[in-house]
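Colleague: I'd like to ask you about the structure that follows.
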Amino acid sequence: MPHNTYKFKTIKERLLTSTSAVAGLSVLGIGLASVFNPIALGAVGAYSAYKYGSSALMAIPPYKRWAMNRMVKKGHAKALPEDAPVSLMAKDISDSLGRPKAPKVYTIDVSTVAEIALPLGMRWLAKLRPVQDSISREAMHKVFAAAPGANVLLTTKEALATTPEKEMRFIIAHEMSHLKTDAFSPSIFARSIIKNTTQPLILAAGVATGLSLFGVGLPLTLGLSAIKALGAVIAIQYAAKATAHFGMRVVERRADRNALYITRDMDGAQKAMDHLHDGKQRKAMSIFKEAVQTHPSYLPRKAALLKSFNAVSKYPPLQPVNDNTAEQKPEKAKVAEQKVS
Ligand SMILES: [Zn+2]
């Protein structure tokens, strides 16, 4: 029974994401508490809170402006002019969604992205030229991100140069959907905590294992308990991720669905998927690997797009903003009859 009002965020999606986030954090908490002592947990908890706090600050507009300006000053980011094609595209979509203010679009530089992509303790690697190149050459062309709560879109000049307009429109609509629906996302909150508590533990257990196995100062017994701890934290990390990332994929599918509602362009969506996934990434993924992905992998994501397209086609399209005759007719949209291949 198609309702006349399209829901950008359904109750089912809210339930799925919040439940999986809470469950993921419980798995993490119970798992870690049964393996590590309270002092170690207090330390990683404080680190995680600090990391989460600094990223959550980005949601406060004055802080966001300060942080973005600092990145711009350091040469890590560049604000694009309001009349840049991508800014206009974002503004167009933002207006059609009835948002009061168009997002600001920034390009960020290669080293910043390469640094963010590296795990904790290895960020210095990004400063080395060859590593920086190998990590980022492929990835650079695919960077599009939203800072929900901050009304900011981030991309790279490489991505802008290599993404065709049709694909770009779907991708920008997807990011705009994140800005609209995910100002506070329990999944991202859970993911941040899981990542920032398990990474330092893996690093510490890994270093302790290495030092004692190579006979550098630490007794072998300590090395053995370090190996055990390492195994345990990797297993806990996997279980917590598998639980919480389910919710992240719900959020991503929602952004895809909303993007289709905005663009009504199934072909653009399919092409965007092809653009974002190279040959290797298009292969079917094992369920064990799929379980810890933040985004659905290529095949399930494309299948979900098709379902979403059928679902959104039941609603009338968004009215263009500059159309003064903006009177929504709650009849079935014509797009519904379009064949999808
Ligand atoms: Zn997304």
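Naming scheme: A, B, ... for chains in displayed order of the structure tokens; residues 1 onward per chain; ligands 1 onward as shown.
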In stretch 24-117 of chain A, what's strand (DSSP E or B) per DSSP? Answer as number ranges by chain?

Modeller: A: 77-79, 104-108

Colleague: Using only C-alpha atoms and all ligand atoms, find each protein or nucleic acid residue lying at most 7 Å from ligand 1; present the set as a short mmCIF file (atom, residue, chain, number, x, y, z; two decimals) with C-alpha atoms, in the first residue's frame.

Modeller:
```
data_model
loop_
_atom_site.label_atom_id
_atom_site.label_comp_id
_atom_site.auth_asym_id
_atom_site.auth_seq_id
_atom_site.Cartn_x
_atom_site.Cartn_y
_atom_site.Cartn_z
CA HIS A 174 23.83 8.99 -1.65
CA GLU A 175 26.06 11.31 0.41
CA HIS A 178 23.64 10.52 4.77
CA GLU A 252 24.26 2.26 3.42
CA ALA A 255 21.36 5.90 1.52
#
```

Colleague: Could you pull the residues within 12 Å of A:Val207, counting only C-alpha atoms, minus those fewer than 3 positions along the same chain, as a list in words?

Modeller: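 Residues meeting the cut-off are Gly121, Pro200, Leu201, Ile202, Leu203, Ala204, Gly210, Leu211, Ser212, Leu213, Phe214, Val216, Leu218, Leu222, Gly223, Ala226, Ile227, Ala229 and Leu230 of chain A.
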
Colleague: Those residues with C-alpha atoms, as an mmCIF file, in the first residue's frame please?

Modeller:
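Produced file part.cif, reproduced below:
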```cif
data_model
loop_
_atom_site.group_PDB
_atom_site.id
_atom_site.type_symbol
_atom_site.label_atom_id
_atom_site.label_comp_id
_atom_site.auth_asym_id
_atom_site.auth_seq_id
_atom_site.Cartn_x
_atom_site.Cartn_y
_atom_site.Cartn_z
ATOM 1 C CA GLY A 121 50.279 3.241 14.972
ATOM 2 C CA PRO A 200 45.387 -0.475 20.674
ATOM 3 C CA LEU A 201 44.911 -3.915 22.275
ATOM 4 C CA ILE A 202 45.877 -5.708 19.063
ATOM 5 C CA LEU A 203 48.873 -3.427 18.673
ATOM 6 C CA ALA A 204 50.010 -3.909 22.302
ATOM 7 C CA GLY A 210 57.023 -9.996 18.847
ATOM 8 C CA LEU A 211 59.379 -8.785 21.575
ATOM 9 C CA SER A 212 59.257 -11.990 23.575
ATOM 10 C CA LEU A 213 59.390 -14.341 20.566
ATOM 11 C CA PHE A 214 62.483 -12.588 19.258
ATOM 12 C CA VAL A 216 64.120 -8.987 23.238
ATOM 13 C CA LEU A 218 60.484 -10.111 27.610
ATOM 14 C CA LEU A 222 54.619 -13.337 28.712
ATOM 15 C CA GLY A 223 54.903 -13.933 24.975
ATOM 16 C CA ALA A 226 50.341 -12.154 24.629
ATOM 17 C CA ILE A 227 49.590 -14.590 21.786
ATOM 18 C CA ALA A 229 45.389 -12.203 24.240
ATOM 19 C CA LEU A 230 46.034 -11.355 20.593
#
```

Colleague: Find the spatial neighbours of A:Met266, counting only C-alpha atoms, within a cut-off of 8 Å - ignore same-chain residues fewer than 2 positions away - and output them as a PDB file with N, CA and C atoms, in the first residue's frame.

Modeller:
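Heads up, here's the output in part_26.pdb:
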```pdb
ATOM      1  N   LEU A 260      18.284   6.774  -4.971  1.00  0.00           N
ATOM      2  CA  LEU A 260      17.443   6.404  -6.121  1.00  0.00           C
ATOM      3  C   LEU A 260      16.135   7.190  -6.111  1.00  0.00           C
ATOM      4  N   ARG A 264      16.088   8.908  -9.444  1.00  0.00           N
ATOM      5  CA  ARG A 264      15.256   8.057 -10.312  1.00  0.00           C
ATOM      6  C   ARG A 264      16.049   7.506 -11.487  1.00  0.00           C
ATOM      7  N   GLY A 268      22.284   5.171 -13.741  1.00  0.00           N
ATOM      8  CA  GLY A 268      23.347   5.925 -13.070  1.00  0.00           C
ATOM      9  C   GLY A 268      23.826   5.199 -11.818  1.00  0.00           C
ATOM     10  N   ALA A 269      22.872   4.591 -11.081  1.00  0.00           N
ATOM     11  CA  ALA A 269      23.217   3.877  -9.848  1.00  0.00           C
ATOM     12  C   ALA A 269      24.087   2.658 -10.169  1.00  0.00           C
ATOM     13  N   GLN A 270      23.682   1.900 -11.181  1.00  0.00           N
ATOM     14  CA  GLN A 270      24.449   0.706 -11.574  1.00  0.00           C
ATOM     15  C   GLN A 270      25.851   1.105 -12.026  1.00  0.00           C
ATOM     16  N   LEU A 305      19.809  -2.518  -4.923  1.00  0.00           N
ATOM     17  CA  LEU A 305      19.448  -1.328  -5.705  1.00  0.00           C
ATOM     18  C   LEU A 305      18.192  -1.583  -6.530  1.00  0.00           C
ATOM     19  N   LEU A 306      18.147  -2.765  -7.112  1.00  0.00           N
ATOM     20  CA  LEU A 306      17.023  -3.106  -7.964  1.00  0.00           C
ATOM     21  C   LEU A 306      15.721  -3.127  -7.155  1.00  0.00           C
ATOM     22  N   PHE A 309      14.780   0.357  -6.203  1.00  0.00           N
ATOM     23  CA  PHE A 309      14.249   1.135  -7.325  1.00  0.00           C
ATOM     24  C   PHE A 309      12.767   0.851  -7.502  1.00  0.00           C
ATOM     25  N   VAL A 340      13.538  -2.234 -15.933  1.00  0.00           N
ATOM     26  CA  VAL A 340      14.888  -2.179 -15.395  1.00  0.00           C
ATOM     27  C   VAL A 340      15.643  -3.408 -15.864  1.00  0.00           C
TER      28      VAL A 340
END
```

Colleague: Write out as JSON lines a residue-level contact list of stretch 145-237 of chain A versus stretch 79-103 of chain A with cut-off 10 Å: for each qualifying residue the closest pair of atoms and the distance in Å to one decimal, counting only C-alpha atoms, rows sorted by chain and residue number upward.

Modeller:
```
{"residue": "A:Ala146", "atom": "CA", "partner": "A:Pro103", "partner_atom": "CA", "distance": 9.3}
{"residue": "A:Ala147", "atom": "CA", "partner": "A:Pro103", "partner_atom": "CA", "distance": 9.7}
{"residue": "A:Ala150", "atom": "CA", "partner": "A:Pro103", "partner_atom": "CA", "distance": 8.4}
{"residue": "A:Asn151", "atom": "CA", "partner": "A:Pro103", "partner_atom": "CA", "distance": 4.8}
{"residue": "A:Val152", "atom": "CA", "partner": "A:Pro103", "partner_atom": "CA", "distance": 5.1}
{"residue": "A:Leu153", "atom": "CA", "partner": "A:Pro103", "partner_atom": "CA", "distance": 6.5}
{"residue": "A:Leu154", "atom": "CA", "partner": "A:Ala79", "partner_atom": "CA", "distance": 9.4}
{"residue": "A:Thr155", "atom": "CA", "partner": "A:Val86", "partner_atom": "CA", "distance": 9.8}
{"residue": "A:Leu160", "atom": "CA", "partner": "A:Val86", "partner_atom": "CA", "distance": 7.9}
{"residue": "A:Glu165", "atom": "CA", "partner": "A:Val86", "partner_atom": "CA", "distance": 9.1}
{"residue": "A:Met168", "atom": "CA", "partner": "A:Val86", "partner_atom": "CA", "distance": 8.2}
{"residue": "A:Arg169", "atom": "CA", "partner": "A:Met89", "partner_atom": "CA", "distance": 7.1}
{"residue": "A:Ile172", "atom": "CA", "partner": "A:Ala90", "partner_atom": "CA", "distance": 6.4}
{"residue": "A:Ala173", "atom": "CA", "partner": "A:Ile93", "partner_atom": "CA", "distance": 6.7}
{"residue": "A:Glu175", "atom": "CA", "partner": "A:Ala90", "partner_atom": "CA", "distance": 9.1}
{"residue": "A:Met176", "atom": "CA", "partner": "A:Ser94", "partner_atom": "CA", "distance": 7.0}
{"residue": "A:Ser177", "atom": "CA", "partner": "A:Ser94", "partner_atom": "CA", "distance": 9.2}
{"residue": "A:Leu179", "atom": "CA", "partner": "A:Pro103", "partner_atom": "CA", "distance": 8.7}
{"residue": "A:Lys180", "atom": "CA", "partner": "A:Arg99", "partner_atom": "CA", "distance": 8.2}
```

Colleague: Since we have the selection now, will you write its residues out, keeping C-alpha atoms, as a compact mmCIF listing (two decimals), in the first residue's frame?

Modeller:
```txt
# COMPACT_ATOMS: atom_id res chain seq x y z
CA ALA A 146 29.69 13.05 4.02
CA ALA A 147 30.24 14.50 7.47
CA ALA A 150 28.42 19.04 9.78
CA ASN A 151 26.78 19.70 6.40
CA VAL A 152 30.05 18.93 4.65
CA LEU A 153 30.90 16.71 1.70
CA LEU A 154 34.44 15.51 1.18
CA THR A 155 36.02 14.24 -1.99
CA LEU A 160 36.10 14.65 -9.33
CA GLU A 165 28.40 13.09 -14.27
CA MET A 168 28.51 11.41 -9.70
CA ARG A 169 24.87 12.41 -9.38
CA ILE A 172 26.31 12.81 -4.39
CA ALA A 173 22.63 11.91 -3.82
CA GLU A 175 26.06 11.31 0.41
CA MET A 176 23.28 13.90 0.67
CA SER A 177 21.06 11.17 2.04
CA LEU A 179 23.55 14.23 5.60
CA LYS A 180 19.78 14.09 5.79
```

Colleague: Residues near stretch 33-44 of chain A, anyone? I mean within 7 Å using only C-alpha atoms, not counting same-chain ones fewer than 4 positions away, as a ChimeraX atom specification.

Modeller: /A:29,48,197,200

Colleague: Report, in Å with one decimal, the straight-line distance from atom CA of A:Leu32 to atom CA of A:Ala244.

Modeller: 15.7 Å

Colleague: Can you work out which one of A:His245, A:Ile262, A:Asp274, A:Val22 has the shortest atom-to-atom distance to A:Lys289, counting only C-alpha atoms?

Modeller: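 When distances to A:Lys289 are compared using only C-alpha atoms, the smallest one comes from A:His245.
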
Colleague: Apply DSSP to the backbone of this structure and, from stretch 83-319 of chain A, keep only the residues in alpha helix (DSSP H); write these as number ranges by chain.

Modeller: A: 85-96, 110-117, 129-139, 157-162, 165-181, 186-213, 220-263, 266-276, 287-290, 298-312

Colleague: Identify which of the residues A:Met285, A:Ala161, A:Ala23, A:Val292 lies closest to A:Gln237, counting only C-alpha atoms when measuring atom-to-atom distances.

Modeller: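 Between A:Met285, A:Ala161, A:Ala23, A:Val292, the residue approaching A:Gln237 most closely is A:Val292.
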
Colleague: If we count only C-alpha atoms and set the cut-off at 12 Å, which residues sit around A:Thr19, ignoring sequence neighbours fewer than 5 positions away in its own chain? Please answer as a ChimeraX atom specification.

Modeller: /A:11-14,24-26,185-187,190,243-248,250

Colleague: Those residues you just picked out, can you put them in a file as a compact mmCIF listing (two decimals), in the first residue's frame with C-alpha atoms?

Modeller:
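Result file out.txt:
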```txt
# COMPACT_ATOMS: atom_id res chain seq x y z
CA ILE A 11 11.12 2.56 11.64
CA LYS A 12 12.42 -0.85 10.63
CA GLU A 13 15.78 0.66 9.61
CA ARG A 14 16.02 2.60 12.88
CA GLY A 24 27.82 -5.11 18.89
CA LEU A 25 28.90 -3.00 21.85
CA SER A 26 27.66 -5.66 24.27
CA SER A 185 24.14 7.24 13.68
CA PRO A 186 24.31 4.52 16.35
CA SER A 187 26.20 2.31 13.89
CA ALA A 190 29.47 1.63 17.73
CA THR A 243 27.18 -7.58 14.90
CA ALA A 244 27.46 -3.80 14.59
CA HIS A 245 28.39 -3.60 10.90
CA PHE A 246 25.13 -5.24 10.00
CA GLY A 247 23.55 -1.95 11.06
CA MET A 248 26.06 0.03 9.01
CA VAL A 250 21.41 -1.11 6.64
```

Colleague: Using only C-alpha atoms for the distances, tell me which of A:Pro219, A:Pro317, A:Pro300, A:Gly231 is nearest to A:Tyr261.

Modeller: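 Of A:Pro219, A:Pro317, A:Pro300, A:Gly231, the one nearest A:Tyr261 is A:Pro317, counting only C-alpha atoms.
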
Colleague: Would you mind telling me which residue in A:Ala205, A:Ala77, A:Ala232, A:Arg257 lies nearest to A:Thr156 when using only C-alpha atoms?

Modeller: A:Ala77

Colleague: Please, what distance in Å, to one decimal, runs between atom CA of A:Pro296 and atom CA of A:Lys271?

Modeller: 16.1 Å

Colleague: Do you have the atom CA of A:Lys166-atom CA of A:Ile188 distance handy?

Modeller: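 Atom CA of A:Ile188 lies 28.4 Å from atom CA of A:Lys166.
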
Colleague: Could you tell me which of A:Thr221, A:Ser192, A:Asn69, A:Thr107 comes closest to A:Ala240 if we count only C-alpha atoms?

Modeller: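 Looking only at the distances to A:Ala240, the closest residue turns out to be A:Ser192.
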